[in-house]
Amino acid sequence: MKRLFKYIQQRLELRLGLMIVLIIMVVFIMLFDFLFYRCKQYVQHAAIDRAVQLLDNTVEHIDGIMEETELVTNFLAVTVPHSLHPDSLLVFSRRAVAENSFLTGMAISMEPYYFPEMGRYYSAYSLRCWTTDDLDSITTVREGPFEYFDAVWYKTPRTLGTSCWVDAFDDYNEGTLSSPDYLTSYCCPMRDAEGRYIGSVTASLSLKWLSEAVTALKPYPNSSAIMMGRDGTYIVHPDTAKLYHENIFSDAAPEAQADINAMGKSMLAGHSGMTQTIVDGHDAFIFYRPLQRTGWSIAIVCSANDVFARYNRLLVIAWTIIGIGLLLLMLFCYQTVRRAMQPLNQLDRQAQRIAAGHFDEPLPKSPRRDSVGRLTNSFILMQQSLAESVSNIQRVNAELQQQNDELTHAYQVKLETNRKKAAFIQEMYHEIRTPLNIINGFAQVLIASYQDLPPEELADITGRMQDSADDISRLARKLGEA
């Protein structure tokens, strides 16, 4: 890593390229962050609109079926009292189921002993049954004897005195014609001409059909749908184990309890809306709408990953393209800066060679007219001028060195001459000193004993003194010649 940093520090073009890419990257990130933020908002709004539209269409479809169910039931509640005969009730019940494919069952139930000859119970019940060949068949029977007067679908309209939808119930009664599925029913009271309650008309819809209609809400691959009753109990749920046993308040995860509770209260109040919360440990959007006729609510649970799937794919593709683009941009910037810096690199290498003492290596003249070209040409002129100056300095130095060598030689010669002269003088000194000593010695003898010396000895002394004087004269001449 240190070697990489050192290499980057030594390469100006690489630093400039990285700096340009860094600046562009910061600008791009800010720009794309804003664009992706707006894109995310758009995708979220589009996803919400899509889910809400699908939910509204489903609610409208279910509401339309329920409205037709109400119309058929209300029509029978008005028509049947004019043809009150046990056999006609069976016909009305069967025809209603046969002519309305959305109906699972139709019951026309009378008050106790309304037909005395039939006993306490009389209820004409027709039930649509699906065969293994996916063909439906209708079975019509006279129900009883069982206390249907206590059944929710009979007791509720009798108690309220008005038409109503009842929550889902299990239709199973041992020994009677029963649907294997849970049913929900629209119940309408029947009255005679005097307005007395004489029975009820009950149209039933299979919750299996409702469940299929609701679970068909698939705006996204992993989305799911739920429907809950007036008390929050699940009527439709992807996990069938929770049906009719758990409600929305007991099913919430701890981290989403507050959000789910608020949403559940809003749904029970018959409101529409959207909640963003956590479902099964993942962020999710929940869109809900009420079924006004029944007091139930339908909700779609959409995973945030599904909602933003296209956005996330776009994000991955965009960042991949951006990454590749930035890499290519960095390479382009590096090559461009490297090409622009090439003359400067040449100048740097040439300056290093000049610093090492190489002044004569020429540089090609730059054809560029910008500052780099001018700098290169100025450097070439400076190098040429410096090379000429160095050449002159080297020539002068050579001449000075030659003069120094000559002076050194002359100085050595002078020293040798002085040495020889000193040796010669020393030699002359010793040679002159001997005859002088002889003359000086005989002179002292003559001064002290001249009268006492015999003529022969005196002549010998003077002769020797004369010889020494001659030696001194000879040495003097020799010294003069030197």
# chains A, B, ... in the order shown; residues from 1 in each chain; ligands from 1

call {"tool": "residues_around", "arguments": {"residues": "range 122-130 of chain A", "least_positions_apart": "2", "cutoff": "8 Å", "atoms": "only C-alpha atoms", "output": "mmCIF file with N, CA, C and O atoms, in the first residue's frame"}}
result
data_model
loop_
_atom_site.group_PDB
_atom_site.id
_atom_site.type_symbol
_atom_site.label_atom_id
_atom_site.label_comp_id
_atom_site.auth_asym_id
_atom_site.auth_seq_id
_atom_site.Cartn_x
_atom_site.Cartn_y
_atom_site.Cartn_z
ATOM 1 N N PRO A 86 -95.212 -24.000 0.226
ATOM 2 C CA PRO A 86 -93.978 -24.754 0.468
ATOM 3 C C PRO A 86 -93.242 -25.128 -0.814
ATOM 4 O O PRO A 86 -92.013 -24.973 -0.903
ATOM 5 N N LEU A 89 -91.546 -22.143 -2.558
ATOM 6 C CA LEU A 89 -90.318 -21.668 -1.910
ATOM 7 C C LEU A 89 -89.111 -22.472 -2.387
ATOM 8 O O LEU A 89 -88.020 -21.930 -2.590
ATOM 9 N N LEU A 90 -89.327 -23.768 -2.575
ATOM 10 C CA LEU A 90 -88.245 -24.592 -3.103
ATOM 11 C C LEU A 90 -87.847 -24.152 -4.515
ATOM 12 O O LEU A 90 -86.662 -24.119 -4.872
ATOM 13 N N SER A 93 -85.993 -20.775 -4.361
ATOM 14 C CA SER A 93 -84.636 -20.952 -3.845
ATOM 15 C C SER A 93 -83.714 -21.536 -4.921
ATOM 16 O O SER A 93 -82.599 -21.044 -5.132
ATOM 17 N N ARG A 94 -84.174 -22.567 -5.609
ATOM 18 C CA ARG A 94 -83.348 -23.213 -6.625
ATOM 19 C C ARG A 94 -83.089 -22.288 -7.807
ATOM 20 O O ARG A 94 -81.962 -22.209 -8.311
ATOM 21 N N VAL A 97 -80.392 -19.634 -7.164
ATOM 22 C CA VAL A 97 -79.009 -20.124 -7.245
ATOM 23 C C VAL A 97 -78.642 -20.447 -8.690
ATOM 24 O O VAL A 97 -77.522 -20.163 -9.143
ATOM 25 N N LEU A 103 -73.825 -17.015 -6.550
ATOM 26 C CA LEU A 103 -74.423 -17.465 -5.297
ATOM 27 C C LEU A 103 -74.011 -18.898 -4.992
ATOM 28 O O LEU A 103 -74.015 -19.767 -5.866
ATOM 29 N N THR A 104 -73.675 -19.143 -3.731
ATOM 30 C CA THR A 104 -73.384 -20.502 -3.275
ATOM 31 C C THR A 104 -74.637 -21.184 -2.754
ATOM 32 O O THR A 104 -74.847 -22.375 -2.962
ATOM 33 N N GLY A 105 -75.445 -20.415 -2.070
ATOM 34 C CA GLY A 105 -76.671 -20.998 -1.522
ATOM 35 C C GLY A 105 -77.747 -19.950 -1.337
ATOM 36 O O GLY A 105 -77.479 -18.748 -1.305
ATOM 37 N N MET A 106 -78.982 -20.433 -1.249
ATOM 38 C CA MET A 106 -80.128 -19.544 -1.016
ATOM 39 C C MET A 106 -81.091 -20.283 -0.094
ATOM 40 O O MET A 106 -81.497 -21.416 -0.370
ATOM 41 N N ALA A 107 -81.428 -19.614 1.005
ATOM 42 C CA ALA A 107 -82.363 -20.206 1.972
ATOM 43 C C ALA A 107 -83.543 -19.260 2.177
ATOM 44 O O ALA A 107 -83.346 -18.065 2.406
ATOM 45 N N ILE A 108 -84.771 -19.829 2.047
ATOM 46 C CA ILE A 108 -85.989 -19.079 2.372
ATOM 47 C C ILE A 108 -86.572 -19.768 3.598
ATOM 48 O O ILE A 108 -87.099 -20.885 3.520
ATOM 49 N N SER A 109 -86.412 -19.127 4.728
ATOM 50 C CA SER A 109 -86.744 -19.763 6.017
ATOM 51 C C SER A 109 -87.929 -19.048 6.648
ATOM 52 O O SER A 109 -87.966 -17.803 6.711
ATOM 53 N N MET A 110 -88.889 -19.847 7.163
ATOM 54 C CA MET A 110 -90.118 -19.306 7.729
ATOM 55 C C MET A 110 -90.090 -19.393 9.252
ATOM 56 O O MET A 110 -89.340 -20.165 9.846
ATOM 57 N N GLU A 111 -90.946 -18.596 9.826
ATOM 58 C CA GLU A 111 -91.106 -18.597 11.275
ATOM 59 C C GLU A 111 -91.674 -19.953 11.725
ATOM 60 O O GLU A 111 -92.268 -20.686 10.929
ATOM 61 N N PRO A 112 -91.490 -20.295 12.999
ATOM 62 C CA PRO A 112 -91.993 -21.588 13.502
ATOM 63 C C PRO A 112 -93.498 -21.748 13.238
ATOM 64 O O PRO A 112 -94.285 -20.826 13.450
ATOM 65 N N TYR A 113 -93.844 -22.936 12.708
ATOM 66 C CA TYR A 113 -95.228 -23.334 12.450
ATOM 67 C C TYR A 113 -95.923 -22.388 11.479
ATOM 68 O O TYR A 113 -97.147 -22.238 11.507
ATOM 69 N N TYR A 114 -95.128 -21.729 10.615
ATOM 70 C CA TYR A 114 -95.791 -20.869 9.626
ATOM 71 C C TYR A 114 -96.642 -21.716 8.697
ATOM 72 O O TYR A 114 -97.742 -21.315 8.296
ATOM 73 N N PHE A 115 -96.123 -22.899 8.328
ATOM 74 C CA PHE A 115 -96.934 -23.881 7.609
ATOM 75 C C PHE A 115 -97.243 -24.994 8.607
ATOM 76 O O PHE A 115 -96.404 -25.891 8.811
ATOM 77 N N MET A 118 -96.476 -28.513 7.910
ATOM 78 C CA MET A 118 -95.084 -28.890 7.756
ATOM 79 C C MET A 118 -94.362 -28.997 9.094
ATOM 80 O O MET A 118 -93.179 -29.339 9.144
ATOM 81 N N GLY A 119 -95.075 -28.668 10.137
ATOM 82 C CA GLY A 119 -94.457 -28.733 11.447
ATOM 83 C C GLY A 119 -93.786 -27.414 11.822
ATOM 84 O O GLY A 119 -94.014 -26.345 11.253
ATOM 85 N N ARG A 120 -92.894 -27.515 12.799
ATOM 86 C CA ARG A 120 -92.252 -26.306 13.366
ATOM 87 C C ARG A 120 -91.274 -25.670 12.377
ATOM 88 O O ARG A 120 -91.131 -24.462 12.340
ATOM 89 N N THR A 132 -66.342 -33.208 -9.267
ATOM 90 C CA THR A 132 -64.947 -33.443 -9.620
ATOM 91 C C THR A 132 -64.647 -33.043 -11.054
ATOM 92 O O THR A 132 -63.494 -32.871 -11.425
ATOM 93 N N ASP A 133 -65.678 -32.888 -11.874
ATOM 94 C CA ASP A 133 -65.495 -32.470 -13.264
ATOM 95 C C ASP A 133 -65.551 -30.959 -13.416
ATOM 96 O O ASP A 133 -65.682 -30.440 -14.520
ATOM 97 N N ASP A 134 -65.432 -30.234 -12.258
ATOM 98 C CA ASP A 134 -65.516 -28.772 -12.256
ATOM 99 C C ASP A 134 -66.837 -28.266 -12.819
ATOM 100 O O ASP A 134 -66.898 -27.164 -13.381
ATOM 101 N N LEU A 135 -67.859 -29.079 -12.709
ATOM 102 C CA LEU A 135 -69.193 -28.649 -13.094
ATOM 103 C C LEU A 135 -70.024 -28.527 -11.831
ATOM 104 O O LEU A 135 -69.916 -29.352 -10.921
ATOM 105 N N ASP A 136 -70.812 -27.467 -11.759
ATOM 106 C CA ASP A 136 -71.582 -27.273 -10.543
ATOM 107 C C ASP A 136 -72.972 -27.920 -10.688
ATOM 108 O O ASP A 136 -73.559 -27.931 -11.758
ATOM 109 N N SER A 137 -73.414 -28.416 -9.574
ATOM 110 C CA SER A 137 -74.773 -28.958 -9.504
ATOM 111 C C SER A 137 -75.470 -28.313 -8.317
ATOM 112 O O SER A 137 -74.809 -27.883 -7.368
ATOM 113 N N ILE A 138 -76.788 -28.234 -8.385
ATOM 114 C CA ILE A 138 -77.571 -27.564 -7.350
ATOM 115 C C ILE A 138 -78.453 -28.598 -6.671
ATOM 116 O O ILE A 138 -79.170 -29.356 -7.330
ATOM 117 N N THR A 139 -78.353 -28.573 -5.376
ATOM 118 C CA THR A 139 -79.192 -29.464 -4.568
ATOM 119 C C THR A 139 -80.171 -28.613 -3.767
ATOM 120 O O THR A 139 -79.755 -27.649 -3.116
ATOM 121 N N THR A 140 -81.465 -28.960 -3.838
ATOM 122 C CA THR A 140 -82.492 -28.209 -3.114
ATOM 123 C C THR A 140 -83.194 -29.154 -2.149
ATOM 124 O O THR A 140 -83.646 -30.245 -2.536
ATOM 125 N N VAL A 141 -83.250 -28.712 -0.908
ATOM 126 C CA VAL A 141 -83.881 -29.559 0.125
ATOM 127 C C VAL A 141 -84.701 -28.677 1.054
ATOM 128 O O VAL A 141 -84.572 -27.452 1.073
ATOM 129 N N ARG A 142 -85.566 -29.355 1.794
ATOM 130 C CA ARG A 142 -86.259 -28.699 2.900
ATOM 131 C C ARG A 142 -85.438 -28.986 4.154
ATOM 132 O O ARG A 142 -85.255 -30.144 4.529
ATOM 133 N N GLU A 143 -84.857 -27.951 4.724
ATOM 134 C CA GLU A 143 -84.010 -28.129 5.886
ATOM 135 C C GLU A 143 -84.828 -28.456 7.120
ATOM 136 O O GLU A 143 -85.945 -27.947 7.299
ATOM 137 N N GLY A 144 -84.228 -29.225 7.980
ATOM 138 C CA GLY A 144 -84.844 -29.529 9.259
ATOM 139 C C GLY A 144 -84.849 -31.028 9.491
ATOM 140 O O GLY A 144 -84.523 -31.838 8.619
ATOM 141 N N LEU A 177 -78.069 -30.560 4.758
ATOM 142 C CA LEU A 177 -77.286 -30.139 3.594
ATOM 143 C C LEU A 177 -76.396 -28.974 4.015
ATOM 144 O O LEU A 177 -76.895 -27.943 4.459
ATOM 145 N N SER A 178 -75.088 -29.155 3.874
ATOM 146 C CA SER A 178 -74.148 -28.132 4.361
ATOM 147 C C SER A 178 -73.052 -27.919 3.342
ATOM 148 O O SER A 178 -72.648 -28.832 2.617
ATOM 149 N N SER A 179 -72.555 -26.702 3.342
ATOM 150 C CA SER A 179 -71.417 -26.373 2.470
ATOM 151 C C SER A 179 -70.126 -26.738 3.196
ATOM 152 O O SER A 179 -70.004 -26.502 4.405
#

call {"tool": "residues_around", "arguments": {"residues": "Ala299 in chain A", "least_positions_apart": "6", "cutoff": "9 Å", "atoms": "only C-alpha atoms", "output": "list in words"}}
result
Leu55, Val214, Ser224, Ala225, Ile226, Met227, Met228, Met267, Ile286, Phe287, Tyr288, Arg289 and Pro290 of chain A

call {"tool": "write_last_selection", "arguments": {"atoms": "all heavy atoms", "output": "mmCIF file, in the first residue's frame"}}
result
data_model
loop_
_atom_site.group_PDB
_atom_site.id
_atom_site.type_symbol
_atom_site.label_atom_id
_atom_site.label_comp_id
_atom_site.auth_asym_id
_atom_site.auth_seq_id
_atom_site.Cartn_x
_atom_site.Cartn_y
_atom_site.Cartn_z
ATOM 1 N N LEU A 55 -56.515 -2.868 -5.899
ATOM 2 C CA LEU A 55 -57.349 -3.083 -4.715
ATOM 3 C C LEU A 55 -58.737 -2.497 -4.919
ATOM 4 O O LEU A 55 -59.755 -3.133 -4.589
ATOM 5 C CB LEU A 55 -56.669 -2.451 -3.496
ATOM 6 C CG LEU A 55 -57.367 -2.630 -2.143
ATOM 7 C CD1 LEU A 55 -57.517 -4.108 -1.806
ATOM 8 C CD2 LEU A 55 -56.592 -1.921 -1.044
ATOM 9 N N VAL A 214 -59.850 -12.355 -3.503
ATOM 10 C CA VAL A 214 -58.934 -11.483 -2.767
ATOM 11 C C VAL A 214 -57.484 -11.892 -3.008
ATOM 12 O O VAL A 214 -56.615 -11.051 -3.254
ATOM 13 C CB VAL A 214 -59.263 -11.507 -1.254
ATOM 14 C CG1 VAL A 214 -58.202 -10.738 -0.471
ATOM 15 C CG2 VAL A 214 -60.638 -10.896 -1.007
ATOM 16 N N SER A 224 -49.315 -10.412 -0.951
ATOM 17 C CA SER A 224 -50.390 -11.255 -0.425
ATOM 18 C C SER A 224 -51.550 -10.363 -0.019
ATOM 19 O O SER A 224 -51.407 -9.140 0.083
ATOM 20 C CB SER A 224 -49.900 -12.076 0.772
ATOM 21 O OG SER A 224 -49.436 -11.222 1.806
ATOM 22 N N ALA A 225 -52.699 -10.986 0.194
ATOM 23 C CA ALA A 225 -53.900 -10.219 0.530
ATOM 24 C C ALA A 225 -54.551 -10.832 1.761
ATOM 25 O O ALA A 225 -54.462 -12.035 2.021
ATOM 26 C CB ALA A 225 -54.875 -10.210 -0.637
ATOM 27 N N ILE A 226 -55.177 -9.968 2.542
ATOM 28 C CA ILE A 226 -55.928 -10.424 3.717
ATOM 29 C C ILE A 226 -57.283 -9.719 3.705
ATOM 30 O O ILE A 226 -57.463 -8.665 3.073
ATOM 31 C CB ILE A 226 -55.188 -10.115 5.035
ATOM 32 C CG1 ILE A 226 -55.003 -8.594 5.205
ATOM 33 C CG2 ILE A 226 -53.863 -10.840 5.112
ATOM 34 C CD1 ILE A 226 -54.456 -8.204 6.566
ATOM 35 N N MET A 227 -58.238 -10.358 4.376
ATOM 36 C CA MET A 227 -59.538 -9.723 4.591
ATOM 37 C C MET A 227 -59.941 -10.055 6.019
ATOM 38 O O MET A 227 -59.772 -11.183 6.484
ATOM 39 C CB MET A 227 -60.576 -10.246 3.603
ATOM 40 C CG MET A 227 -61.915 -9.488 3.706
ATOM 41 S SD MET A 227 -62.977 -9.765 2.251
ATOM 42 C CE MET A 227 -63.318 -11.511 2.405
ATOM 43 N N MET A 228 -60.444 -9.054 6.716
ATOM 44 C CA MET A 228 -60.830 -9.280 8.100
ATOM 45 C C MET A 228 -62.253 -8.820 8.330
ATOM 46 O O MET A 228 -62.778 -7.928 7.628
ATOM 47 C CB MET A 228 -59.863 -8.576 9.049
ATOM 48 C CG MET A 228 -59.895 -7.064 9.007
ATOM 49 S SD MET A 228 -58.707 -6.349 10.151
ATOM 50 C CE MET A 228 -59.299 -4.637 10.199
ATOM 51 N N MET A 267 -58.831 0.365 9.887
ATOM 52 C CA MET A 267 -59.600 -0.556 9.044
ATOM 53 C C MET A 267 -60.953 -0.855 9.673
ATOM 54 O O MET A 267 -61.979 -0.892 8.977
ATOM 55 C CB MET A 267 -58.809 -1.844 8.832
ATOM 56 C CG MET A 267 -57.543 -1.666 8.003
ATOM 57 S SD MET A 267 -56.544 -3.176 7.885
ATOM 58 C CE MET A 267 -57.577 -4.178 6.813
ATOM 59 N N ILE A 286 -48.644 -1.753 3.185
ATOM 60 C CA ILE A 286 -49.963 -2.383 3.329
ATOM 61 C C ILE A 286 -51.008 -1.362 2.876
ATOM 62 O O ILE A 286 -51.098 -0.261 3.411
ATOM 63 C CB ILE A 286 -50.235 -2.813 4.786
ATOM 64 C CG1 ILE A 286 -49.143 -3.777 5.263
ATOM 65 C CG2 ILE A 286 -51.600 -3.468 4.886
ATOM 66 C CD1 ILE A 286 -49.332 -4.231 6.697
ATOM 67 N N PHE A 287 -51.785 -1.742 1.859
ATOM 68 C CA PHE A 287 -52.852 -0.901 1.327
ATOM 69 C C PHE A 287 -54.181 -1.532 1.723
ATOM 70 O O PHE A 287 -54.370 -2.736 1.547
ATOM 71 C CB PHE A 287 -52.750 -0.803 -0.197
ATOM 72 C CG PHE A 287 -51.378 -0.412 -0.686
ATOM 73 C CD1 PHE A 287 -50.425 -1.380 -1.005
ATOM 74 C CD2 PHE A 287 -51.031 0.911 -0.811
ATOM 75 C CE1 PHE A 287 -49.171 -1.042 -1.443
ATOM 76 C CE2 PHE A 287 -49.772 1.274 -1.261
ATOM 77 C CZ PHE A 287 -48.839 0.297 -1.577
ATOM 78 N N TYR A 288 -55.101 -0.738 2.239
ATOM 79 C CA TYR A 288 -56.362 -1.320 2.712
ATOM 80 C C TYR A 288 -57.544 -0.462 2.274
ATOM 81 O O TYR A 288 -57.434 0.762 2.098
ATOM 82 C CB TYR A 288 -56.351 -1.500 4.235
ATOM 83 C CG TYR A 288 -56.024 -0.252 5.036
ATOM 84 C CD1 TYR A 288 -57.039 0.590 5.499
ATOM 85 C CD2 TYR A 288 -54.702 0.074 5.343
ATOM 86 C CE1 TYR A 288 -56.748 1.726 6.243
ATOM 87 C CE2 TYR A 288 -54.405 1.204 6.083
ATOM 88 C CZ TYR A 288 -55.424 2.029 6.538
ATOM 89 O OH TYR A 288 -55.139 3.145 7.276
ATOM 90 N N ARG A 289 -58.658 -1.171 2.077
ATOM 91 C CA ARG A 289 -59.912 -0.554 1.670
ATOM 92 C C ARG A 289 -61.057 -1.272 2.404
ATOM 93 O O ARG A 289 -60.995 -2.475 2.655
ATOM 94 C CB ARG A 289 -60.135 -0.685 0.155
ATOM 95 C CG ARG A 289 -59.213 0.172 -0.688
ATOM 96 C CD ARG A 289 -59.568 1.650 -0.565
ATOM 97 N NE ARG A 289 -58.768 2.457 -1.459
ATOM 98 C CZ ARG A 289 -57.571 2.943 -1.149
ATOM 99 N NH1 ARG A 289 -57.038 2.671 0.035
ATOM 100 N NH2 ARG A 289 -56.910 3.695 -1.992
ATOM 101 N N PRO A 290 -62.126 -0.556 2.710
ATOM 102 C CA PRO A 290 -63.257 -1.202 3.383
ATOM 103 C C PRO A 290 -64.261 -1.758 2.373
ATOM 104 O O PRO A 290 -64.356 -1.288 1.240
ATOM 105 C CB PRO A 290 -63.878 -0.049 4.171
ATOM 106 C CG PRO A 290 -63.609 1.159 3.319
ATOM 107 C CD PRO A 290 -62.282 0.919 2.654
#

call {"tool": "atom_distance", "arguments": {"atom1": "CA of Asp170 in chain A", "atom2": "CA of Asp87 in chain A"}}
result
27.1 Å

call {"tool": "select_by_dssp", "arguments": {"residues": "range 185-328 of chain A", "states": "strand (DSSP E)", "output": "PyMOL selection string"}}
result
chain A and resi 185-191+197-206+224-228+234-236+273-279+282-291+296-303

call {"tool": "closest_residue", "arguments": {"among": "A:Ile380, A:Ile235, A:Ala46, A:Ala422", "to": "Pro219 in chain A", "atoms": "only C-alpha atoms"}}
result
A:Ala46

call {"tool": "residues_around", "arguments": {"residues": "Asp231 in chain A", "least_positions_apart": "3", "cutoff": "12 Å", "atoms": "only C-alpha atoms", "output": "NGL selection string"}}
result
:A and (167-168 or 227-228 or 234-235 or 244-250 or 264-265 or 267-270 or 294-297)

call {"tool": "residues_around", "arguments": {"residues": "range 435-443 of chain A", "least_positions_apart": "5", "cutoff": "10 Å", "atoms": "only C-alpha atoms", "output": "PDB file with N, CA, C and O atoms, in the first residue's frame"}}
result
ATOM      1  N   HIS A 430      82.523  25.111   2.240  1.00  0.00           N
ATOM      2  CA  HIS A 430      83.485  24.163   2.830  1.00  0.00           C
ATOM      3  C   HIS A 430      84.842  24.233   2.127  1.00  0.00           C
ATOM      4  O   HIS A 430      85.902  24.131   2.781  1.00  0.00           O
ATOM      5  N   ALA A 448     102.899  35.698  15.793  1.00  0.00           N
ATOM      6  CA  ALA A 448     103.428  35.356  17.111  1.00  0.00           C
ATOM      7  C   ALA A 448     104.921  35.015  17.093  1.00  0.00           C
ATOM      8  O   ALA A 448     105.654  35.295  18.050  1.00  0.00           O
ATOM      9  N   SER A 449     105.443  34.449  15.988  1.00  0.00           N
ATOM     10  CA  SER A 449     106.826  33.938  16.020  1.00  0.00           C
ATOM     11  C   SER A 449     107.607  34.349  14.775  1.00  0.00           C
ATOM     12  O   SER A 449     108.493  33.633  14.278  1.00  0.00           O
ATOM     13  N   TYR A 450     107.285  35.445  14.167  1.00  0.00           N
ATOM     14  CA  TYR A 450     107.978  35.835  12.926  1.00  0.00           C
ATOM     15  C   TYR A 450     109.495  36.000  13.143  1.00  0.00           C
ATOM     16  O   TYR A 450     110.309  35.590  12.313  1.00  0.00           O
ATOM     17  N   LEU A 458     110.046  29.961   7.300  1.00  0.00           N
ATOM     18  CA  LEU A 458     109.244  31.140   6.938  1.00  0.00           C
ATOM     19  C   LEU A 458     108.859  31.080   5.482  1.00  0.00           C
ATOM     20  O   LEU A 458     107.718  31.412   5.090  1.00  0.00           O
ATOM     21  N   ILE A 461     106.133  28.597   5.043  1.00  0.00           N
ATOM     22  CA  ILE A 461     104.807  29.097   5.497  1.00  0.00           C
ATOM     23  C   ILE A 461     104.236  30.038   4.476  1.00  0.00           C
ATOM     24  O   ILE A 461     103.046  29.956   4.109  1.00  0.00           O
ATOM     25  N   THR A 462     105.056  30.946   3.967  1.00  0.00           N
ATOM     26  CA  THR A 462     104.539  31.907   2.998  1.00  0.00           C
ATOM     27  C   THR A 462     104.131  31.209   1.720  1.00  0.00           C
ATOM     28  O   THR A 462     103.178  31.603   1.027  1.00  0.00           O
ATOM     29  N   ARG A 464     102.953  28.131   1.482  1.00  0.00           N
ATOM     30  CA  ARG A 464     101.649  27.492   1.725  1.00  0.00           C
ATOM     31  C   ARG A 464     100.515  28.509   1.745  1.00  0.00           C
ATOM     32  O   ARG A 464      99.412  28.244   1.245  1.00  0.00           O
ATOM     33  N   MET A 465     100.789  29.666   2.333  1.00  0.00           N
ATOM     34  CA  MET A 465      99.777  30.708   2.373  1.00  0.00           C
ATOM     35  C   MET A 465      99.462  31.162   0.964  1.00  0.00           C
ATOM     36  O   MET A 465      98.285  31.440   0.629  1.00  0.00           O
ATOM     37  N   GLN A 466     100.487  31.225   0.099  1.00  0.00           N
ATOM     38  CA  GLN A 466     100.275  31.632  -1.274  1.00  0.00           C
ATOM     39  C   GLN A 466      99.428  30.586  -2.011  1.00  0.00           C
ATOM     40  O   GLN A 466      98.521  30.927  -2.779  1.00  0.00           O
ATOM     41  N   ASP A 467      99.688  29.311  -1.734  1.00  0.00           N
ATOM     42  CA  ASP A 467      98.913  28.249  -2.395  1.00  0.00           C
ATOM     43  C   ASP A 467      97.425  28.309  -1.974  1.00  0.00           C
ATOM     44  O   ASP A 467      96.520  28.139  -2.790  1.00  0.00           O
ATOM     45  N   SER A 468      97.225  28.560  -0.684  1.00  0.00           N
ATOM     46  CA  SER A 468      95.833  28.654  -0.187  1.00  0.00           C
ATOM     47  C   SER A 468      95.127  29.845  -0.794  1.00  0.00           C
ATOM     48  O   SER A 468      93.912  29.784  -1.139  1.00  0.00           O
ATOM     49  N   ALA A 469      95.927  30.971  -0.963  1.00  0.00           N
ATOM     50  CA  ALA A 469      95.324  32.154  -1.591  1.00  0.00           C
ATOM     51  C   ALA A 469      94.958  31.851  -3.015  1.00  0.00           C
ATOM     52  O   ALA A 469      93.914  32.293  -3.540  1.00  0.00           O
ATOM     53  N   ASP A 470      95.829  31.086  -3.704  1.00  0.00           N
ATOM     54  CA  ASP A 470      95.505  30.710  -5.084  1.00  0.00           C
ATOM     55  C   ASP A 470      94.237  29.852  -5.123  1.00  0.00           C
ATOM     56  O   ASP A 470      93.404  29.996  -6.034  1.00  0.00           O
ATOM     57  N   ASP A 471      94.110  28.933  -4.141  1.00  0.00           N
ATOM     58  CA  ASP A 471      92.889  28.084  -4.108  1.00  0.00           C
ATOM     59  C   ASP A 471      91.637  28.941  -3.914  1.00  0.00           C
ATOM     60  O   ASP A 471      90.587  28.700  -4.534  1.00  0.00           O
ATOM     61  N   ILE A 472      91.786  29.954  -3.055  1.00  0.00           N
ATOM     62  CA  ILE A 472      90.620  30.817  -2.809  1.00  0.00           C
ATOM     63  C   ILE A 472      90.289  31.607  -4.071  1.00  0.00           C
ATOM     64  O   ILE A 472      89.107  31.777  -4.435  1.00  0.00           O
TER      65      ILE A 472
END

call {"tool": "select_by_dssp", "arguments": {"residues": "range 231-480 of chain A", "states": "alpha helix (DSSP H)", "output": "count of residues only"}}
result
168

call {"tool": "residues_around", "arguments": {"residues": "range 161-166 of chain A", "least_positions_apart": "4", "cutoff": "9 Å", "atoms": "only C-alpha atoms", "output": "PyMOL selection string"}}
result
chain A and resi 70+74+152-153+156-157+184-189+197+293-295

call {"tool": "write_last_selection", "arguments": {"atoms": "C-alpha atoms", "output": "JSON list (two decimals), in the first residue's frame"}}
result
[["chain", "number", "residue", "atom", "x", "y", "z"],
["A", 70, "GLU", "CA", -78.58, -7.86, -2.26],
["A", 74, "ASN", "CA", -84.38, -8.11, -1.68],
["A", 152, "VAL", "CA", -76.77, -16.14, 12.95],
["A", 153, "TRP", "CA", -78.12, -15.78, 9.43],
["A", 156, "THR", "CA", -79.63, -11.31, 13.10],
["A", 157, "PRO", "CA", -82.14, -9.85, 10.61],
["A", 184, "THR", "CA", -71.03, -15.26, 4.49],
["A", 185, "SER", "CA", -74.66, -14.32, 3.99],
["A", 186, "TYR", "CA", -76.89, -11.42, 3.19],
["A", 187, "CYS", "CA", -80.10, -11.73, 5.17],
["A", 188, "CYS", "CA", -83.31, -9.92, 4.39],
["A", 189, "PRO", "CA", -86.44, -10.16, 6.56],
["A", 197, "TYR", "CA", -92.14, -10.70, 10.37],
["A", 293, "ARG", "CA", -71.70, -3.25, 2.74],
["A", 294, "THR", "CA", -70.27, -5.72, 5.22],
["A", 295, "GLY", "CA", -68.03, -3.69, 7.48]]
